[in-house]
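For reference, the structure discussed in these notes is given below.
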Amino acid sequence: MLQSATSVLPAPAAGATRLSIRNMVCPRCLRVVQRELEKAGLVVDNVALGAANVRTADGSPVDLPAVEAALQAFGFALVEDPRDQLVEQVKALVVELIHYTPAEQQPYQTYSHFISERLGRSYAYLSHQFSLREGLTLEKYIIRQRVERAKELLSYQDAKVAEVARLLGYSSAAHLTNQFRQVTGMSPSDFQALGPGSAGRLSLHNLG
C-alpha cells in the first residue's frame, strides 16, 4: 500500500521485513519500488519514501541480495546500518514535507519539532547523526530543500516571491531571499528572470 505524504510506516507485521531504501525522493519512486518488489516475488504491505514493509508469500526469509540487485537497476539501494536508516528516515520526512505536502496541510510547528515528534528522537540526536553520516548539518539540508522547492515554484513566471515565501512557511519574502541568495548566489527575482528550463534546478538525488 502506498503511503501518503509525511507518513511514517507502521511497524512491520509479524513475519514481515522492513526495508530501508536510499534515493526514494518522489511519488514516482514509490510506484517503481513497489512494482520491482512485487516483480521480485514479494508481498508489499506498505511503501513510503525511504522504506517498505515486505514479506514472502510462503513465509520464507526475504532474499535481500536479490532485492538489492532489482532495486539497483533503478538507482535505489538498501540501507543496512541502523544509523544510516535513521538518517534516511529524516531525509524522507523533509522531502515529503517540503516538496509534496500542500501548504494547507503543513504542520503549525518548527521543522525540528515535527521531525523529532515523528521519529520519536530528540532533534539534537537526529541532527548529530545526520551531520556524522552526511557531512552536512540537518539545518543546511532543510534550507537546501526549501530553496529547491522555491526554485520549482518560481519557475512559474507569474509566481510572486512573497507568495512563494508564504507557501514555504517563511516569515517574510526577505527571509526567503536571504536563504535563496546564500544557497544560489542570486535573488529569487534574478533566478526567475532566467526563464523556464533554467539549469539552476538540481535533481533531488543531488541535494546534500
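Letters A, B, ... go to the chains of the C-alpha cells in the order shown; residues in each chain start at 1; ligands are counted from 1 in the same order.
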| Contacts of Leu71 in chain A within 10 Å, only C-alpha atoms, excl. fewer than 3 positions in-chain, as a list in words |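 In the requested form, the answer reads Ile21, Arg22, Val32, Val33, Glu36, Leu37, Ala40, Pro65, Ala66, Val67, Glu68, Phe74, Gly75, Phe76, Ala77 and Leu78 of chain A.
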| request: Write out as a PyMOL selection string each polymer residue whose atoms come within 12 Å of Phe130 in chain A, counting only C-alpha atoms; drop sequence neighbours fewer than 4 positions from it. | output: chain A and resi 83-91+123-126+134-142+208
Can you spit out the residues from that selection as a PDB file, in the first residue's frame, using N, CA, C and O atoms?
ATOM      1  N   ARG A  83      21.968   3.444  11.910  1.00  0.00           N
ATOM      2  CA  ARG A  83      22.164   4.895  11.940  1.00  0.00           C
ATOM      3  C   ARG A  83      21.908   5.505  10.568  1.00  0.00           C
ATOM      4  O   ARG A  83      21.307   6.580  10.457  1.00  0.00           O
ATOM      5  N   ASP A  84      22.334   4.814   9.521  1.00  0.00           N
ATOM      6  CA  ASP A  84      22.039   5.285   8.172  1.00  0.00           C
ATOM      7  C   ASP A  84      20.536   5.204   7.889  1.00  0.00           C
ATOM      8  O   ASP A  84      19.976   6.062   7.201  1.00  0.00           O
ATOM      9  N   GLN A  85      19.889   4.179   8.413  1.00  0.00           N
ATOM     10  CA  GLN A  85      18.443   4.050   8.232  1.00  0.00           C
ATOM     11  C   GLN A  85      17.714   5.229   8.865  1.00  0.00           C
ATOM     12  O   GLN A  85      16.759   5.775   8.297  1.00  0.00           O
ATOM     13  N   LEU A  86      18.179   5.637  10.045  1.00  0.00           N
ATOM     14  CA  LEU A  86      17.567   6.771  10.727  1.00  0.00           C
ATOM     15  C   LEU A  86      17.735   8.047   9.905  1.00  0.00           C
ATOM     16  O   LEU A  86      16.794   8.845   9.764  1.00  0.00           O
ATOM     17  N   VAL A  87      18.921   8.236   9.347  1.00  0.00           N
ATOM     18  CA  VAL A  87      19.172   9.412   8.517  1.00  0.00           C
ATOM     19  C   VAL A  87      18.278   9.405   7.284  1.00  0.00           C
ATOM     20  O   VAL A  87      17.743  10.439   6.877  1.00  0.00           O
ATOM     21  N   GLU A  88      18.088   8.237   6.687  1.00  0.00           N
ATOM     22  CA  GLU A  88      17.205   8.146   5.516  1.00  0.00           C
ATOM     23  C   GLU A  88      15.770   8.491   5.892  1.00  0.00           C
ATOM     24  O   GLU A  88      15.044   9.103   5.103  1.00  0.00           O
ATOM     25  N   GLN A  89      15.347   8.110   7.095  1.00  0.00           N
ATOM     26  CA  GLN A  89      14.009   8.474   7.557  1.00  0.00           C
ATOM     27  C   GLN A  89      13.878   9.986   7.681  1.00  0.00           C
ATOM     28  O   GLN A  89      12.860  10.576   7.310  1.00  0.00           O
ATOM     29  N   VAL A  90      14.911  10.614   8.226  1.00  0.00           N
ATOM     30  CA  VAL A  90      14.906  12.077   8.371  1.00  0.00           C
ATOM     31  C   VAL A  90      14.794  12.733   7.001  1.00  0.00           C
ATOM     32  O   VAL A  90      13.974  13.637   6.779  1.00  0.00           O
ATOM     33  N   LYS A  91      15.618  12.289   6.059  1.00  0.00           N
ATOM     34  CA  LYS A  91      15.615  12.880   4.716  1.00  0.00           C
ATOM     35  C   LYS A  91      14.256  12.688   4.043  1.00  0.00           C
ATOM     36  O   LYS A  91      13.742  13.602   3.380  1.00  0.00           O
ATOM     37  N   TYR A 123      15.730  16.129  18.638  1.00  0.00           N
ATOM     38  CA  TYR A 123      16.275  16.759  17.432  1.00  0.00           C
ATOM     39  C   TYR A 123      17.793  16.840  17.529  1.00  0.00           C
ATOM     40  O   TYR A 123      18.491  16.689  16.524  1.00  0.00           O
ATOM     41  N   ALA A 124      18.321  17.059  18.732  1.00  0.00           N
ATOM     42  CA  ALA A 124      19.780  17.145  18.902  1.00  0.00           C
ATOM     43  C   ALA A 124      20.440  15.837  18.468  1.00  0.00           C
ATOM     44  O   ALA A 124      21.472  15.847  17.783  1.00  0.00           O
ATOM     45  N   TYR A 125      19.844  14.701  18.861  1.00  0.00           N
ATOM     46  CA  TYR A 125      20.401  13.403  18.478  1.00  0.00           C
ATOM     47  C   TYR A 125      20.303  13.194  16.973  1.00  0.00           C
ATOM     48  O   TYR A 125      21.265  12.778  16.323  1.00  0.00           O
ATOM     49  N   LEU A 126      19.129  13.488  16.408  1.00  0.00           N
ATOM     50  CA  LEU A 126      18.932  13.305  14.973  1.00  0.00           C
ATOM     51  C   LEU A 126      19.882  14.194  14.177  1.00  0.00           C
ATOM     52  O   LEU A 126      20.469  13.764  13.182  1.00  0.00           O
ATOM     53  N   GLU A 134      26.192  12.426   6.855  1.00  0.00           N
ATOM     54  CA  GLU A 134      26.036  13.144   5.593  1.00  0.00           C
ATOM     55  C   GLU A 134      27.109  14.205   5.353  1.00  0.00           C
ATOM     56  O   GLU A 134      27.245  14.698   4.229  1.00  0.00           O
ATOM     57  N   GLY A 135      27.862  14.580   6.390  1.00  0.00           N
ATOM     58  CA  GLY A 135      28.848  15.649   6.230  1.00  0.00           C
ATOM     59  C   GLY A 135      28.204  16.998   5.983  1.00  0.00           C
ATOM     60  O   GLY A 135      28.809  17.904   5.392  1.00  0.00           O
ATOM     61  N   LEU A 136      26.970  17.146   6.435  1.00  0.00           N
ATOM     62  CA  LEU A 136      26.173  18.350   6.224  1.00  0.00           C
ATOM     63  C   LEU A 136      25.205  18.452   7.393  1.00  0.00           C
ATOM     64  O   LEU A 136      24.635  17.445   7.811  1.00  0.00           O
ATOM     65  N   THR A 137      25.025  19.639   7.938  1.00  0.00           N
ATOM     66  CA  THR A 137      24.092  19.756   9.052  1.00  0.00           C
ATOM     67  C   THR A 137      22.665  19.571   8.556  1.00  0.00           C
ATOM     68  O   THR A 137      22.339  19.867   7.399  1.00  0.00           O
ATOM     69  N   LEU A 138      21.810  19.089   9.433  1.00  0.00           N
ATOM     70  CA  LEU A 138      20.407  18.903   9.087  1.00  0.00           C
ATOM     71  C   LEU A 138      19.766  20.246   8.756  1.00  0.00           C
ATOM     72  O   LEU A 138      18.938  20.346   7.840  1.00  0.00           O
ATOM     73  N   GLU A 139      20.150  21.279   9.472  1.00  0.00           N
ATOM     74  CA  GLU A 139      19.600  22.608   9.198  1.00  0.00           C
ATOM     75  C   GLU A 139      19.907  23.050   7.765  1.00  0.00           C
ATOM     76  O   GLU A 139      19.029  23.554   7.047  1.00  0.00           O
ATOM     77  N   LYS A 140      21.143  22.832   7.320  1.00  0.00           N
ATOM     78  CA  LYS A 140      21.508  23.216   5.957  1.00  0.00           C
ATOM     79  C   LYS A 140      20.789  22.351   4.924  1.00  0.00           C
ATOM     80  O   LYS A 140      20.426  22.834   3.845  1.00  0.00           O
ATOM     81  N   TYR A 141      20.583  21.083   5.243  1.00  0.00           N
ATOM     82  CA  TYR A 141      19.849  20.207   4.332  1.00  0.00           C
ATOM     83  C   TYR A 141      18.424  20.713   4.145  1.00  0.00           C
ATOM     84  O   TYR A 141      17.907  20.768   3.024  1.00  0.00           O
ATOM     85  N   ILE A 142      17.785  21.094   5.243  1.00  0.00           N
ATOM     86  CA  ILE A 142      16.422  21.615   5.179  1.00  0.00           C
ATOM     87  C   ILE A 142      16.383  22.898   4.352  1.00  0.00           C
ATOM     88  O   ILE A 142      15.497  23.082   3.507  1.00  0.00           O
ATOM     89  N   GLY A 208      22.414  17.758  -1.102  1.00  0.00           N
ATOM     90  CA  GLY A 208      23.003  17.268   0.133  1.00  0.00           C
ATOM     91  C   GLY A 208      23.744  15.987  -0.063  1.00  0.00           C
ATOM     92  O   GLY A 208      23.924  15.229   0.866  1.00  0.00           O
TER      93      GLY A 208
END
| request: Give me the residues within 12 Å of Leu93 in chain A as an NGL selection string, counting only C-alpha atoms and dropping any in the same chain fewer than 4 places off. | output: :A and (4-9 or 24-26 or 48-51 or 86-89 or 97-101 or 111-112 or 114-119 or 138 or 141-142 or 145)
| query | How many Å lie between CA of Gly59 in chain A and CA of Val79 in chain A, rounded to one decimal? | reply |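 These atoms are spaced 22.4 Å apart.
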| Where does DSSP see strand (DSSP E or B) in range 2-189 of chain A, if you list the residues as a PyMOL selection string? | chain A and resi 2+17-22+42-48+51-56+77-78
| request: Name the residues in contact with range 184-187 of chain A at a cut-off of 12 Å, using only C-alpha atoms, excluding same-chain residues fewer than 4 positions from it; report them as JSON, numbers by chain. | output: {"A": [143, 144, 147, 148, 150, 151, 154, 161, 173, 174, 175, 176, 177, 178, 179, 180, 191, 192, 193, 194, 199, 200, 201, 202]}
| Given the choices A:Leu19, A:Leu167, A:Ala13, A:Ala70, which gets closest to Arg35 in chain A if the distance is worked out from only C-alpha atoms? | A:Ala70
| query | How many Å separate CA of Asn23 in chain A from CA of Ala11 in chain A? | reply | 21.2 Å
What's around Val62 in chain A at 9 Å? Count only C-alpha atoms, leave out sequence neighbours fewer than 5 positions away in its own chain, and write the answer as a short mmCIF file (atom, residue, chain, number, x, y, z; two decimals) with all heavy atoms, in the first residue's frame.
data_model
loop_
_atom_site.label_atom_id
_atom_site.label_comp_id
_atom_site.auth_asym_id
_atom_site.auth_seq_id
_atom_site.Cartn_x
_atom_site.Cartn_y
_atom_site.Cartn_z
N ALA A 16 6.86 -10.01 8.57
CA ALA A 16 7.27 -9.06 7.53
C ALA A 16 8.64 -8.46 7.86
O ALA A 16 9.12 -8.55 8.99
CB ALA A 16 6.24 -7.94 7.39
N THR A 17 9.26 -7.88 6.85
CA THR A 17 10.58 -7.27 6.99
C THR A 17 10.52 -5.81 6.57
O THR A 17 9.91 -5.49 5.55
CB THR A 17 11.60 -8.01 6.09
OG1 THR A 17 11.70 -9.37 6.51
CG2 THR A 17 12.98 -7.36 6.16
N LEU A 42 7.73 -10.50 -3.89
CA LEU A 42 7.41 -10.12 -2.53
C LEU A 42 5.99 -9.56 -2.43
O LEU A 42 5.48 -8.97 -3.38
CB LEU A 42 8.40 -9.08 -2.01
CG LEU A 42 9.86 -9.53 -1.90
CD1 LEU A 42 10.74 -8.36 -1.50
CD2 LEU A 42 9.99 -10.68 -0.90
N VAL A 54 7.75 -5.57 3.69
CA VAL A 54 7.52 -6.64 2.73
C VAL A 54 7.56 -8.00 3.41
O VAL A 54 8.07 -8.14 4.52
CB VAL A 54 8.57 -6.61 1.60
CG1 VAL A 54 8.57 -5.27 0.88
CG2 VAL A 54 9.97 -6.91 2.15
N ARG A 55 7.02 -9.00 2.72
CA ARG A 55 7.08 -10.38 3.20
C ARG A 55 6.99 -11.31 2.00
O ARG A 55 6.62 -10.89 0.90
CB ARG A 55 5.93 -10.66 4.19
CG ARG A 55 4.56 -10.33 3.64
CD ARG A 55 3.49 -10.37 4.72
NE ARG A 55 2.24 -9.78 4.26
CZ ARG A 55 1.30 -10.42 3.57
NH1 ARG A 55 1.49 -11.70 3.26
NH2 ARG A 55 0.21 -9.81 3.19
N THR A 56 7.34 -12.53 2.22
CA THR A 56 7.21 -13.53 1.16
C THR A 56 5.86 -14.24 1.32
O THR A 56 5.32 -14.33 2.44
CB THR A 56 8.34 -14.57 1.23
OG1 THR A 56 8.33 -15.18 2.53
CG2 THR A 56 9.69 -13.91 1.00
N VAL A 67 16.81 -8.66 -3.85
CA VAL A 67 16.09 -7.39 -3.77
C VAL A 67 17.03 -6.24 -4.09
O VAL A 67 16.69 -5.32 -4.85
CB VAL A 67 15.46 -7.21 -2.38
CG1 VAL A 67 14.89 -5.80 -2.22
CG2 VAL A 67 14.38 -8.25 -2.13
#
